[in-house]
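Take a look at the structure set out below.
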Amino acid sequence: SPRVFSGIQPSGDLHLGNYLGAIRRFVPLQETHETIYCVVDMHAITVWQEPDALRRATREVAAAFIAAGIDPKRSIIFNQSQVGQHAELAWVFNCIARIGWMNRMTQFKDKAGKNSENVSLGLLAYPSLMAADILLYKATGVPVGDDQKQHLELTRDIAAKFNNDYAAAIAERGLGEEDGQFFPMTEPLIAGPATRIMSLRDGSKKMSKSDPSDQSRISLLDDADAIAKKIKKATTDPAELPSGIEGLAGRPEADNLVGIYAALSDRSKAEVLAEFGGAGWGRFKPALADLAVAVLAPMNGEMRRLLDDPATIDAVLRDGAERAGAIAEKTMAAVRDIVGFIR
Ligand code: AQP
């Protein structure tokens, strides 16, 4: 069956955007695909991480995967640094990708800000490691939020340039797939009403782990009280909810909260507005808070239970790393031959 790969960085508090845009969508794919889900700790250190905090956050992402319904037997769950082939293939891709491609990445520009001479080289090369993550497993689909679209395009560019630069070596050794290509063209799987959840404080910024304001995001470890308070305080305009989605145009905060409600209740925004059109925030926000608590509380409890037993989480990651490593090594051995490395 077709294979999907996706990763989450252990770089801070997991939030509702990570859940609705990514983790939750990983679960049903287990029915139809071979699924590989990775805690990308090597990506996380592109910006400074305290070692203990990194370990804690790595286990937290693994716990969120399991608590959300990813079965470590059916799927492969592991942390990136335990499979050395990710770093090895990323190096080859660093030599395939062009600096200009990396400089055009909006996430790099956003994260580097005006300080682009003084950020880590890893932050610039980030998409190259991401391409390695995906292509080591020859994954054809990657479930991600909308913010990752540009990185996925770069993954395709790297795959295409590798296939093309080494076309003769691939053909000569018969290492191509049915279509003669070595790496597939990966597609992003971006769908649903929650592809881009925005900050609760500012409707023009995405909800993010690295936002300094804790009020900007709903954390997956927030308790019911914290969730309700954050939603109550969320920035909105004063107008009541419109009765159709056209009425959300130019109202980013309203659009965001309706989108969150839709995603949490598996409905479309239009269906949510059919119920709440004309309602004020005093009615909508408590309904949203109740819904968010109902969906997140069971997961929150399960995550806490799992985190009480780090040895079990580490064993899941170790087992996943062994299974992932077997696939990764097969690809990497072929890459060494294609490139001309003697082994
Ligand atoms: N606001 C969001 N709405 C929908 N999806 C989102 N994702 C992130 N933010 C939102 C999706 O979550 C997955 C994991 O993201 P990541 O850990 O690789 O890091 P990120 O995209 O950089 O997410 P953050 O939370 O904003 O982290 P920081 O602040 O550390 O950069 C991806 O599939 C992403 O699309």
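Ligands are numbered from 1 in the order shown, chains are lettered A, B, ... in the order of the structure tokens, and residues start at 1 in each chain.
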Who sits within 6 Å of Pro188 of chain A, only C-alpha atoms, same chain under 2 positions skipped, as a compact mmCIF listing (two decimals) with C-alpha atoms, in the first residue's frame:
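File produced: out05.txt:
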```txt
# COMPACT_ATOMS: atom_id res chain seq x y z
CA GLY A 141 2.04 11.55 0.50
CA VAL A 142 2.77 13.88 3.40
CA PRO A 143 -0.10 15.04 5.64
CA ILE A 190 -3.60 19.28 2.88
```
Within 12 Å of Ile23 of chain A, counting only C-alpha atoms, which residues show up once you throw out same-chain ones fewer than 5 positions away? Write them as an MDAnalysis selection string, please.
chainID A and resid 5:9 14:18 28:29 36:39 61:70 142:145 194:195 220 299
Selected residues written out with N, CA and C atoms, as an mmCIF file, in the first residue's frame:
```cif
data_model
loop_
_atom_site.group_PDB
_atom_site.id
_atom_site.type_symbol
_atom_site.label_atom_id
_atom_site.label_comp_id
_atom_site.auth_asym_id
_atom_site.auth_seq_id
_atom_site.Cartn_x
_atom_site.Cartn_y
_atom_site.Cartn_z
ATOM 1 N N PHE A 5 4.528 9.708 5.136
ATOM 2 C CA PHE A 5 5.469 10.091 6.195
ATOM 3 C C PHE A 5 5.073 11.480 6.665
ATOM 4 N N SER A 6 5.151 11.732 7.968
ATOM 5 C CA SER A 6 5.049 13.113 8.437
ATOM 6 C C SER A 6 5.821 13.256 9.735
ATOM 7 N N GLY A 7 6.204 14.485 10.049
ATOM 8 C CA GLY A 7 6.996 14.728 11.249
ATOM 9 C C GLY A 7 6.493 15.926 12.018
ATOM 10 N N ILE A 8 6.762 15.918 13.308
ATOM 11 C CA ILE A 8 6.451 17.058 14.177
ATOM 12 C C ILE A 8 7.717 17.379 14.974
ATOM 13 N N GLN A 9 8.009 18.658 15.105
ATOM 14 C CA GLN A 9 9.201 19.057 15.868
ATOM 15 C C GLN A 9 8.926 19.080 17.359
ATOM 16 N N LEU A 14 3.038 21.461 22.190
ATOM 17 C CA LEU A 14 2.171 21.100 21.069
ATOM 18 C C LEU A 14 0.853 21.831 21.227
ATOM 19 N N HIS A 15 0.286 22.263 20.115
ATOM 20 C CA HIS A 15 -0.928 23.079 20.211
ATOM 21 C C HIS A 15 -2.024 22.574 19.270
ATOM 22 N N LEU A 16 -3.156 23.245 19.374
ATOM 23 C CA LEU A 16 -4.326 22.860 18.590
ATOM 24 C C LEU A 16 -4.063 22.869 17.079
ATOM 25 N N GLY A 17 -3.209 23.788 16.611
ATOM 26 C CA GLY A 17 -2.869 23.831 15.184
ATOM 27 C C GLY A 17 -2.130 22.566 14.766
ATOM 28 N N ASN A 18 -1.174 22.132 15.573
ATOM 29 C CA ASN A 18 -0.448 20.885 15.280
ATOM 30 C C ASN A 18 -1.414 19.707 15.266
ATOM 31 N N PRO A 28 -6.567 8.387 10.550
ATOM 32 C CA PRO A 28 -7.303 7.573 9.568
ATOM 33 C C PRO A 28 -6.421 7.037 8.444
ATOM 34 N N LEU A 29 -5.285 7.672 8.197
ATOM 35 C CA LEU A 29 -4.402 7.193 7.127
ATOM 36 C C LEU A 29 -3.875 5.795 7.413
ATOM 37 N N ILE A 36 4.287 6.287 8.575
ATOM 38 C CA ILE A 36 5.521 6.503 9.338
ATOM 39 C C ILE A 36 5.460 7.906 9.927
ATOM 40 N N TYR A 37 5.453 7.994 11.264
ATOM 41 C CA TYR A 37 5.345 9.286 11.932
ATOM 42 C C TYR A 37 6.551 9.512 12.830
ATOM 43 N N CYS A 38 7.175 10.671 12.624
ATOM 44 C CA CYS A 38 8.497 10.910 13.179
ATOM 45 C C CYS A 38 8.504 12.138 14.094
ATOM 46 N N VAL A 39 9.205 12.021 15.198
ATOM 47 C CA VAL A 39 9.445 13.181 16.056
ATOM 48 C C VAL A 39 10.781 13.761 15.594
ATOM 49 N N VAL A 61 5.673 14.658 22.141
ATOM 50 C CA VAL A 61 5.131 14.464 20.785
ATOM 51 C C VAL A 61 4.764 12.993 20.585
ATOM 52 N N ALA A 62 5.634 12.091 21.045
ATOM 53 C CA ALA A 62 5.332 10.657 20.903
ATOM 54 C C ALA A 62 4.046 10.322 21.666
ATOM 55 N N ALA A 63 3.901 10.885 22.867
ATOM 56 C CA ALA A 63 2.687 10.631 23.656
ATOM 57 C C ALA A 63 1.459 11.185 22.937
ATOM 58 N N ALA A 64 1.592 12.346 22.308
ATOM 59 C CA ALA A 64 0.452 12.925 21.573
ATOM 60 C C ALA A 64 0.060 12.033 20.401
ATOM 61 N N PHE A 65 1.039 11.497 19.704
ATOM 62 C CA PHE A 65 0.744 10.574 18.597
ATOM 63 C C PHE A 65 -0.110 9.414 19.107
ATOM 64 N N ILE A 66 0.363 8.784 20.180
ATOM 65 C CA ILE A 66 -0.312 7.586 20.678
ATOM 66 C C ILE A 66 -1.691 7.958 21.240
ATOM 67 N N ALA A 67 -1.742 9.057 22.006
ATOM 68 C CA ALA A 67 -3.010 9.476 22.614
ATOM 69 C C ALA A 67 -4.039 9.859 21.546
ATOM 70 N N ALA A 68 -3.565 10.370 20.413
ATOM 71 C CA ALA A 68 -4.495 10.764 19.342
ATOM 72 C C ALA A 68 -5.060 9.549 18.617
ATOM 73 N N GLY A 69 -4.427 8.372 18.796
ATOM 74 C CA GLY A 69 -4.964 7.171 18.160
ATOM 75 C C GLY A 69 -4.024 6.520 17.157
ATOM 76 N N ILE A 70 -2.767 6.955 17.138
ATOM 77 C CA ILE A 70 -1.810 6.273 16.268
ATOM 78 C C ILE A 70 -1.298 5.042 17.016
ATOM 79 N N VAL A 142 2.346 13.307 2.128
ATOM 80 C CA VAL A 142 2.773 13.878 3.404
ATOM 81 C C VAL A 142 1.630 14.727 3.981
ATOM 82 N N PRO A 143 0.945 14.227 5.026
ATOM 83 C CA PRO A 143 -0.104 15.044 5.638
ATOM 84 C C PRO A 143 0.502 16.170 6.464
ATOM 85 N N VAL A 144 0.231 17.402 6.088
ATOM 86 C CA VAL A 144 0.804 18.574 6.764
ATOM 87 C C VAL A 144 -0.202 19.714 6.761
ATOM 88 N N GLY A 145 0.073 20.731 7.547
ATOM 89 C CA GLY A 145 -0.681 21.977 7.484
ATOM 90 C C GLY A 145 -0.210 22.786 6.284
ATOM 91 N N ALA A 194 -9.132 23.098 8.694
ATOM 92 C CA ALA A 194 -8.161 23.504 9.715
ATOM 93 C C ALA A 194 -6.735 23.424 9.218
ATOM 94 N N THR A 195 -6.512 23.781 7.948
ATOM 95 C CA THR A 195 -5.165 23.648 7.409
ATOM 96 C C THR A 195 -4.246 24.741 7.946
ATOM 97 N N LEU A 220 -1.979 21.220 23.954
ATOM 98 C CA LEU A 220 -2.619 19.902 24.128
ATOM 99 C C LEU A 220 -2.550 19.430 25.572
ATOM 100 N N MET A 299 -7.751 13.145 25.309
ATOM 101 C CA MET A 299 -6.389 13.040 24.813
ATOM 102 C C MET A 299 -5.394 13.565 25.846
#
```
Within 10 Å of Leu154 of chain A using only C-alpha atoms, minus same-chain residues under 4 positions, as a PDB file with N, CA and C atoms, in the first residue's frame:
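Result file follows (around.pdb):
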```pdb
ATOM      1  N   ALA A  97      20.627  20.486  -3.679  1.00  0.00           N
ATOM      2  CA  ALA A  97      19.828  21.714  -3.604  1.00  0.00           C
ATOM      3  C   ALA A  97      20.724  22.931  -3.803  1.00  0.00           C
ATOM      4  N   TRP A 101      17.486  28.291  -3.661  1.00  0.00           N
ATOM      5  CA  TRP A 101      16.192  27.647  -3.343  1.00  0.00           C
ATOM      6  C   TRP A 101      15.872  27.849  -1.864  1.00  0.00           C
ATOM      7  N   MET A 102      16.895  27.683  -1.033  1.00  0.00           N
ATOM      8  CA  MET A 102      16.684  27.774   0.417  1.00  0.00           C
ATOM      9  C   MET A 102      16.356  29.212   0.831  1.00  0.00           C
ATOM     10  N   MET A 105      12.688  30.381   0.864  1.00  0.00           N
ATOM     11  CA  MET A 105      11.684  29.765   1.742  1.00  0.00           C
ATOM     12  C   MET A 105      11.107  30.792   2.711  1.00  0.00           C
ATOM     13  N   PRO A 127      14.936  22.543   4.904  1.00  0.00           N
ATOM     14  CA  PRO A 127      14.125  21.814   3.914  1.00  0.00           C
ATOM     15  C   PRO A 127      14.854  20.640   3.279  1.00  0.00           C
ATOM     16  N   SER A 128      16.176  20.689   3.295  1.00  0.00           N
ATOM     17  CA  SER A 128      16.951  19.608   2.723  1.00  0.00           C
ATOM     18  C   SER A 128      16.859  18.368   3.624  1.00  0.00           C
ATOM     19  N   MET A 130      14.344  17.864   5.615  1.00  0.00           N
ATOM     20  CA  MET A 130      12.944  17.444   5.490  1.00  0.00           C
ATOM     21  C   MET A 130      12.739  16.586   4.242  1.00  0.00           C
ATOM     22  N   ALA A 131      13.397  16.960   3.155  1.00  0.00           N
ATOM     23  CA  ALA A 131      13.312  16.147   1.931  1.00  0.00           C
ATOM     24  C   ALA A 131      13.896  14.759   2.194  1.00  0.00           C
ATOM     25  N   LYS A 149       3.534  23.727   2.604  1.00  0.00           N
ATOM     26  CA  LYS A 149       3.376  23.524   1.166  1.00  0.00           C
ATOM     27  C   LYS A 149       4.668  23.846   0.394  1.00  0.00           C
ATOM     28  N   GLN A 150       5.266  24.968   0.737  1.00  0.00           N
ATOM     29  CA  GLN A 150       6.456  25.405   0.007  1.00  0.00           C
ATOM     30  C   GLN A 150       7.624  24.425   0.210  1.00  0.00           C
ATOM     31  N   ILE A 158      14.099  18.756  -5.239  1.00  0.00           N
ATOM     32  CA  ILE A 158      15.314  18.003  -4.906  1.00  0.00           C
ATOM     33  C   ILE A 158      15.238  16.595  -5.508  1.00  0.00           C
ATOM     34  N   ALA A 159      14.081  15.945  -5.376  1.00  0.00           N
ATOM     35  CA  ALA A 159      13.914  14.596  -5.948  1.00  0.00           C
ATOM     36  C   ALA A 159      14.135  14.638  -7.459  1.00  0.00           C
ATOM     37  N   ALA A 160      13.562  15.643  -8.097  1.00  0.00           N
ATOM     38  CA  ALA A 160      13.662  15.721  -9.558  1.00  0.00           C
ATOM     39  C   ALA A 160      15.111  15.967  -9.984  1.00  0.00           C
TER      40      ALA A 160
END
```
If we count only C-alpha atoms and set the cut-off at 12 Å, which residues sit around Gln181 of chain A, ignoring sequence neighbours fewer than 2 positions away in its own chain? Please answer as number ranges by chain.
A: 138, 159-171, 174-179, 183-185
Any idea what's packed within 12 Å of Arg55 of chain A, counting only C-alpha atoms, ignoring anything in its chain fewer than 6 positions away? Could you give it as number ranges by chain?
A: 9-12, 39-42, 44-45, 49, 61-62, 79, 81, 307, 310, 313-314
With C-alpha atoms retained, export the selected residues as a PDB file, in the first residue's frame.
```
ATOM      1  CA  GLN A   9       9.201  19.057  15.868  1.00  0.00           C
ATOM      2  CA  PRO A  10       9.704  18.643  19.602  1.00  0.00           C
ATOM      3  CA  SER A  11      10.316  22.368  19.898  1.00  0.00           C
ATOM      4  CA  GLY A  12       7.821  23.369  22.567  1.00  0.00           C
ATOM      5  CA  VAL A  39       9.445  13.181  16.056  1.00  0.00           C
ATOM      6  CA  VAL A  40      11.936  15.355  14.215  1.00  0.00           C
ATOM      7  CA  ASP A  41      14.389  16.185  16.985  1.00  0.00           C
ATOM      8  CA  MET A  42      17.164  17.060  14.530  1.00  0.00           C
ATOM      9  CA  ALA A  44      14.201  21.103  16.489  1.00  0.00           C
ATOM     10  CA  ILE A  45      17.854  21.945  17.195  1.00  0.00           C
ATOM     11  CA  GLN A  49      16.870  23.738  22.682  1.00  0.00           C
ATOM     12  CA  VAL A  61       5.131  14.464  20.785  1.00  0.00           C
ATOM     13  CA  ALA A  62       5.332  10.657  20.903  1.00  0.00           C
ATOM     14  CA  ASN A  79      12.538   9.991  16.681  1.00  0.00           C
ATOM     15  CA  SER A  81      18.068  11.155  15.444  1.00  0.00           C
ATOM     16  CA  LEU A 307       4.223  10.701  30.143  1.00  0.00           C
ATOM     17  CA  PRO A 310       8.898   7.543  29.970  1.00  0.00           C
ATOM     18  CA  ILE A 313       7.596   5.767  25.364  1.00  0.00           C
ATOM     19  CA  ASP A 314      11.332   5.301  24.824  1.00  0.00           C
TER      20      ASP A 314
END
```
Find the residue from A:His33, A:Arg318, A:Lys232, A:Arg25 that sits nearest to ligand 1; use only C-alpha atoms and all ligand atoms when measuring.
A:Arg25
Min atom-atom distance to Thr312 of chain A from the set A:Leu189, A:His43, A:Pro72, A:Val293, counting only C-alpha atoms, belongs to A:Pro72
At a cut-off of 12 Å, using only C-alpha atoms, what residues contact segment 262-265 of chain A? Leave out same-chain residues fewer than 2 positions from it and give the result as number ranges by chain.
A: 16-17, 19-22, 24-25, 191-197, 245, 255-260, 267-276, 287-296
I need the residue nearest ligand 1 from this list: A:Asp214, A:Asp337, A:Glu240, A:Asp319. Use only C-alpha atoms and all ligand atoms for the distance.
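Residue with the minimum atom-to-atom distance to ligand 1: A:Asp214.
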For the strand (DSSP E) assignment from backbone DSSP, which residues of segment 49-277 of chain A qualify? Please present them as an MDAnalysis selection string.
chainID A and resid 76:79 141:143 187:189
Near Gly280 of chain A, counting only C-alpha atoms, which residues have an atom at most 9 Å away, once you skip same-chain residues fewer than 5 positions from it, shown as a ChimeraX atom specification?
/A:238-241,285
Just asking: which residues within segment 58-128 of chain A are helix (DSSP H, G or I) according to DSSP, as number ranges by chain?
A: 58-68, 80-82, 85-94, 99-103, 106-118, 121-128
Hey, which of A:Glu88, A:Asp146, A:Glu187, A:Asp52 ends up closest to Arg3 of chain A? Count only C-alpha atoms.
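Between A:Glu88, A:Asp146, A:Glu187, A:Asp52, the residue approaching Arg3 of chain A most closely is A:Glu187.
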